[in-house]
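What's in query_38.cif: mmCIF, C-alpha atoms
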data_work
#
loop_
_atom_site.label_atom_id
_atom_site.label_comp_id
_atom_site.auth_asym_id
_atom_site.auth_seq_id
_atom_site.Cartn_x
_atom_site.Cartn_y
_atom_site.Cartn_z
CA MET X 1 -14.94 16.29 -3.64
CA GLU X 2 -15.36 12.65 -4.68
CA TYR X 3 -13.96 11.02 -1.49
CA THR X 4 -13.13 12.41 1.94
CA ALA X 5 -10.90 9.50 3.00
CA ALA X 6 -8.18 7.61 1.12
CA LEU X 7 -6.89 4.29 2.47
CA PHE X 8 -3.48 3.26 1.11
CA ASP X 9 -1.63 0.01 1.10
CA PHE X 10 2.02 0.73 1.93
CA ASP X 11 4.50 -1.64 0.26
CA GLY X 12 4.29 -1.48 -3.53
CA THR X 13 1.77 1.37 -3.44
CA LEU X 14 3.46 4.28 -1.66
CA ALA X 15 6.81 2.71 -0.82
CA ASN X 16 8.87 1.17 -3.59
CA SER X 17 9.95 -1.84 -1.59
CA ASN X 18 9.44 -4.43 -4.31
CA GLU X 19 13.14 -5.23 -4.73
CA LEU X 20 13.54 -5.41 -0.95
CA ILE X 21 10.64 -7.85 -0.56
CA ASN X 22 11.67 -9.96 -3.56
CA ARG X 23 15.27 -10.19 -2.44
CA THR X 24 14.24 -11.17 1.09
CA HIS X 25 11.85 -13.88 -0.13
CA TYR X 26 14.41 -15.17 -2.64
CA THR X 27 17.20 -15.39 -0.05
CA VAL X 28 14.99 -17.25 2.42
CA LEU X 29 13.49 -19.57 -0.20
CA GLU X 30 16.84 -20.33 -1.84
CA GLU X 31 18.01 -21.72 1.48
CA LEU X 32 14.82 -23.75 1.90
CA PHE X 33 14.41 -24.92 -1.70
CA PRO X 34 17.72 -24.48 -3.60
CA GLY X 35 17.18 -23.66 -7.27
CA LYS X 36 13.37 -23.77 -7.14
CA TYR X 37 12.66 -20.03 -7.26
CA THR X 38 14.01 -17.02 -9.15
CA MET X 39 13.82 -13.29 -8.45
CA GLU X 40 11.01 -13.18 -11.00
CA SER X 41 8.99 -16.07 -9.62
CA VAL X 42 9.10 -14.88 -6.00
CA ARG X 43 7.07 -11.78 -6.93
CA GLN X 44 3.98 -13.99 -6.43
CA PHE X 45 4.70 -13.73 -2.69
CA ASN X 46 4.71 -9.92 -2.72
CA GLY X 47 1.30 -9.02 -1.34
CA PRO X 48 -0.02 -11.96 0.71
CA SER X 49 0.78 -11.97 4.41
CA LEU X 50 3.87 -13.81 5.63
CA ASP X 51 1.56 -16.13 7.58
CA GLU X 52 -0.17 -17.07 4.34
CA VAL X 53 3.05 -17.48 2.32
CA TYR X 54 5.09 -19.51 4.78
CA GLY X 55 2.10 -21.18 6.37
CA THR X 56 1.53 -22.72 2.94
CA LEU X 57 5.16 -23.41 1.94
CA VAL X 58 6.56 -24.64 5.28
CA PRO X 59 3.68 -25.02 7.73
CA ASP X 60 5.77 -26.95 10.27
CA ARG X 61 8.47 -24.22 10.31
CA LYS X 62 6.31 -21.16 9.67
CA LYS X 63 7.19 -19.21 12.81
CA GLU X 64 10.93 -19.87 12.46
CA ILE X 65 11.03 -18.88 8.78
CA ILE X 66 8.94 -15.73 9.27
CA THR X 67 11.36 -14.66 12.00
CA LYS X 68 14.27 -15.24 9.62
CA TYR X 69 12.49 -13.28 6.85
CA ARG X 70 11.85 -10.33 9.15
CA GLN X 71 15.41 -10.22 10.43
CA LEU X 72 16.84 -10.11 6.91
CA ASN X 73 14.21 -7.66 5.69
CA SER X 74 14.97 -5.34 8.61
CA GLU X 75 18.71 -5.43 7.83
CA LEU X 76 18.13 -4.43 4.20
CA HIS X 77 15.13 -2.16 4.76
CA ASP X 78 16.55 1.33 5.22
CA GLU X 79 18.92 1.25 2.24
CA MET X 80 16.50 -0.37 -0.22
CA ILE X 81 13.18 1.41 0.39
CA THR X 82 12.27 4.48 -1.71
CA LEU X 83 9.17 6.45 -2.71
CA PHE X 84 7.36 6.01 -5.99
CA THR X 85 7.26 9.11 -8.19
CA GLY X 86 4.92 11.84 -6.99
CA VAL X 87 3.90 10.18 -3.73
CA GLN X 88 4.97 12.89 -1.30
CA LYS X 89 3.69 15.77 -3.44
CA GLU X 90 0.26 14.25 -4.03
CA LEU X 91 -0.20 13.11 -0.43
CA MET X 92 0.56 16.65 0.69
CA LEU X 93 -1.99 17.97 -1.81
CA LEU X 94 -4.65 15.55 -0.56
CA LYS X 95 -3.88 16.55 3.01
CA GLU X 96 -4.24 20.23 2.08
CA LYS X 97 -7.63 19.41 0.57
CA ALA X 98 -8.69 17.95 3.94
CA VAL X 99 -8.77 14.35 2.69
CA LYS X 100 -8.24 11.98 5.61
CA LEU X 101 -5.33 9.64 4.86
CA ALA X 102 -4.76 6.16 6.27
CA ILE X 103 -2.39 3.28 5.70
CA VAL X 104 -3.97 -0.18 5.69
CA SER X 105 -1.23 -2.81 5.39
CA THR X 106 -0.28 -6.37 6.31
CA LYS X 107 3.08 -5.02 7.46
CA LYS X 108 3.90 -4.74 11.17
CA ASN X 109 2.97 -1.37 12.63
CA ASP X 110 6.49 -0.56 13.80
CA MET X 111 7.93 -1.26 10.34
CA ILE X 112 5.31 0.95 8.71
CA GLU X 113 6.21 3.78 11.08
CA ARG X 114 9.88 3.19 10.35
CA GLY X 115 9.21 3.42 6.61
CA ILE X 116 7.14 6.58 7.04
CA LYS X 117 10.01 8.27 8.87
CA ILE X 118 12.69 7.19 6.40
CA LEU X 119 10.60 8.32 3.43
CA GLY X 120 9.75 11.70 4.92
CA LEU X 121 5.99 11.12 5.18
CA GLU X 122 5.58 12.07 8.84
CA ASN X 123 2.40 13.87 9.90
CA LEU X 124 0.53 13.01 6.69
CA PHE X 125 -1.51 10.05 7.91
CA ASN X 126 -4.43 10.29 10.30
CA VAL X 127 -4.38 6.54 10.96
CA VAL X 128 -1.91 3.67 10.49
CA ILE X 129 -3.46 0.20 10.43
CA GLY X 130 -0.84 -2.56 10.44
CA SER X 131 -0.90 -6.24 11.32
CA TYR X 132 -1.06 -5.47 15.05
CA SER X 133 -4.34 -3.60 14.52
CA TYR X 134 -6.63 -6.46 13.47
CA ASN X 135 -7.18 -10.22 13.58
CA HIS X 136 -7.83 -11.00 9.91
CA TYR X 137 -5.55 -10.06 7.03
CA LYS X 138 -6.72 -8.62 3.73
CA PRO X 139 -8.68 -9.72 1.67
CA HIS X 140 -10.86 -9.87 4.79
CA PRO X 141 -12.60 -6.50 5.22
CA GLU X 142 -11.63 -6.12 8.89
CA PRO X 143 -8.52 -3.93 8.29
CA ILE X 144 -10.63 -1.51 6.23
CA TYR X 145 -13.44 -1.53 8.78
CA ARG X 146 -10.91 -0.67 11.49
CA ALA X 147 -9.52 2.23 9.46
CA LEU X 148 -12.98 3.63 8.71
CA ALA X 149 -13.95 3.41 12.39
CA GLU X 150 -10.81 5.22 13.53
CA LEU X 151 -11.21 7.87 10.84
CA ASN X 152 -14.92 8.18 11.65
CA VAL X 153 -15.74 8.15 7.93
CA PRO X 154 -18.76 6.42 6.33
CA HIS X 155 -18.25 3.78 3.66
CA ASN X 156 -19.59 5.93 0.84
CA GLN X 157 -16.89 8.56 1.40
CA ALA X 158 -13.85 6.26 1.42
CA ILE X 159 -11.69 4.58 -1.21
CA MET X 160 -8.95 1.91 -0.97
CA ILE X 161 -5.76 2.18 -3.03
CA GLY X 162 -3.39 -0.73 -3.57
CA ASP X 163 -1.08 -2.69 -5.82
CA ASN X 164 -2.30 -6.21 -5.16
CA THR X 165 -5.33 -8.46 -5.49
CA HIS X 166 -5.72 -8.55 -1.70
CA ASP X 167 -6.23 -4.78 -1.62
CA ILE X 168 -8.92 -4.88 -4.30
CA GLU X 169 -10.71 -7.86 -2.75
CA SER X 170 -10.61 -6.32 0.72
CA ALA X 171 -12.22 -3.13 -0.61
CA THR X 172 -14.90 -5.11 -2.42
CA ASN X 173 -15.59 -7.17 0.69
CA ALA X 174 -15.83 -3.98 2.75
CA GLY X 175 -18.21 -2.39 0.26
CA ILE X 176 -16.00 0.52 -0.82
CA PRO X 177 -14.45 1.48 -4.21
CA SER X 178 -10.91 0.42 -5.04
CA VAL X 179 -7.99 1.73 -7.08
CA PHE X 180 -5.25 -0.39 -8.65
CA VAL X 181 -1.95 1.45 -9.15
CA GLU X 182 -0.33 0.45 -12.42
CA TRP X 183 3.20 0.87 -11.07
CA SER X 184 2.55 -2.41 -9.26
CA GLN X 185 4.52 -5.56 -9.96
CA LYS X 186 1.17 -7.11 -10.78
CA THR X 187 -0.10 -6.55 -14.32
CA LEU X 188 -3.49 -5.22 -15.38
CA LYS X 189 -4.24 -8.65 -16.82
CA GLU X 190 -3.61 -10.25 -13.43
CA ILE X 191 -5.77 -7.66 -11.65
CA GLU X 192 -8.70 -7.36 -14.09
CA PRO X 193 -10.56 -10.45 -12.79
CA TYR X 194 -10.82 -8.72 -9.39
CA GLU X 195 -12.58 -5.73 -10.98
CA PRO X 196 -10.98 -2.67 -9.38
CA THR X 197 -13.22 0.39 -9.56
CA TYR X 198 -10.39 2.50 -11.03
CA THR X 199 -6.89 2.00 -12.37
CA VAL X 200 -4.32 4.80 -12.42
CA LYS X 201 -0.91 5.23 -14.01
CA THR X 202 0.37 8.07 -11.81
CA MET X 203 -0.14 9.62 -8.40
CA LYS X 204 -1.52 12.71 -10.12
CA GLU X 205 -4.24 10.60 -11.74
CA LEU X 206 -4.96 9.14 -8.33
CA SER X 207 -5.43 12.60 -6.83
CA GLU X 208 -7.87 13.39 -9.64
CA VAL X 209 -9.88 10.30 -8.79
CA ILE X 210 -9.99 11.16 -5.09
CA ILE X 211 -10.59 14.90 -5.31
CA GLY X 212 -12.33 15.07 -8.67
CA LYS X 213 -11.38 15.68 -12.29
CA ASN X 214 -11.23 19.47 -11.91
CA ILE X 215 -8.25 19.36 -9.57
CA ASP X 216 -5.99 21.41 -11.89
CA LYS X 217 -8.64 24.12 -12.27
CA GLN X 218 -9.16 24.20 -8.51
CA ILE X 219 -5.44 24.66 -7.87
CA GLN X 220 -5.15 27.38 -10.53
CA TYR X 221 -8.18 29.20 -9.12
CA GLU X 222 -6.76 29.11 -5.60
CA GLU X 223 -3.38 30.38 -6.80
CA VAL X 224 -5.00 33.29 -8.68
CA SER X 225 -7.23 34.12 -5.70
CA SER X 226 -4.22 34.11 -3.41
CA GLN X 227 -2.28 36.41 -5.74
CA CYS X 228 -5.23 38.84 -5.91
CA LYS X 229 -5.53 38.98 -2.14
CA ASN X 230 -1.83 39.72 -1.82
CA LYS X 231 -1.96 42.72 -4.17
#

Can you dump the structure from the file as structure tokens?
Amino acid sequence: MEYTAALFDFDGTLANSNELINRTHYTVLEELFPGKYTMESVRQFNGPSLDEVYGTLVPDRKKEIITKYRQLNSELHDEMITLFTGVQKELMLLKEKAVKLAIVSTKKNDMIERGIKILGLENLFNVVIGSYSYNHYKPHPEPIYRALAELNVPHNQAIMIGDNTHDIESATNAGIPSVFVEWSQKTLKEIEPYEPTYTVKTMKELSEVIIGKNIDKQIQYEEVSSQCKNK
């Protein structure tokens, strides 16, 4: 096995919440700055923490605007969040292979747990690290350090998977390999300067990176062995 622990970002990596996040940012920003942003341009705010986004845009009203963002996001959340293709199947496979799974996100812990329940991912994650779990947001390495400590896994056995520059930088800063998922709203061109260790186009490719390239042969061997034992 290549890695014994896989650390996942949540939004945009496992959960397809891009439209939800973009719509929430656009609605809030349209009220603040009428006509300045579009649904396309607000995608730049999908990834950084809300503190970073609104602390930069409206520092004197940051707390008020973040509260407004979260209220709207919560109202839209359940009907707009979905899973990316193959997520549940591959997470279950990794779990069966005894890979320790963690979520490392800038999202609030309670909202992560809410998303996990809605998307049917209960009992798959050993650890959930949200914004209540640390003091410094990604790209600081602290969220990853916290996950590794709770998983009791050494650095050389863990890998970080994400859809944003912050995920890649945080992994680099923590001294572990990183994976960029190409179903991200970010493009490969935007991510390349941050030098992810791997890039993958599908969840199946991701499983191959984590478990090893012979994953299909391993599964076939186990199926044949099981059939022989049952004869």

_9 Å contact set for range 64-66 of chain X, only C-alpha atoms, chain neighbours under 2 positions out, as a PyMOL selection string_ = chain X and resi 28+50-51+54+58+61-62+68-71

*Test item: residues at most 12 Å from Tyr134 in chain X, only C-alpha atoms, excluding those fewer than 6 positions along its chain, as a list in words*: Val104, Ser105, Thr106, Lys107, Lys108, Asn109, Val128, His140, Pro141, Glu142, Pro143, Ile144, Tyr145, Arg146 and Ala147 of chain X

Given 6 Å of margin on each side, can you work out the centre and size in Å (one decimal) of an axis-aligned box holding every listed atom of range 13-27 of chain X, as AutoDock Vina command-line options?
--center_x 9.5 --center_y -5.6 --center_z -1.8 --size_x 27.4 --size_y 31.7 --size_z 17.8

*Enumerate, as a list in words, the residues matched when the PyMOL selection byres ((chain X and resi 171) around 9) is run on the file above.*
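Those residues are Lys138, Pro139, His140, Pro141, Ile144, Ile159, Met160, Ile161, His166, Asp167, Ile168, Glu169, Ser170, Thr172, Asn173, Ala174, Gly175, Ile176, Pro177, Ser178 and Pro196 of chain X.
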
*asked:* I need the residue nearest Asp11 in chain X from this list: X:Leu93, X:Val42, X:Ala98, X:Met111. Use all atoms listed in the file for the distance.
replied: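 Closest to Asp11 in chain X of all the choices is X:Met111.
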
*asked:* One number please: CA of Tyr37 in chain X to CA of Ser184 in chain X, in Å, one decimal.
replied: 20.4 Å
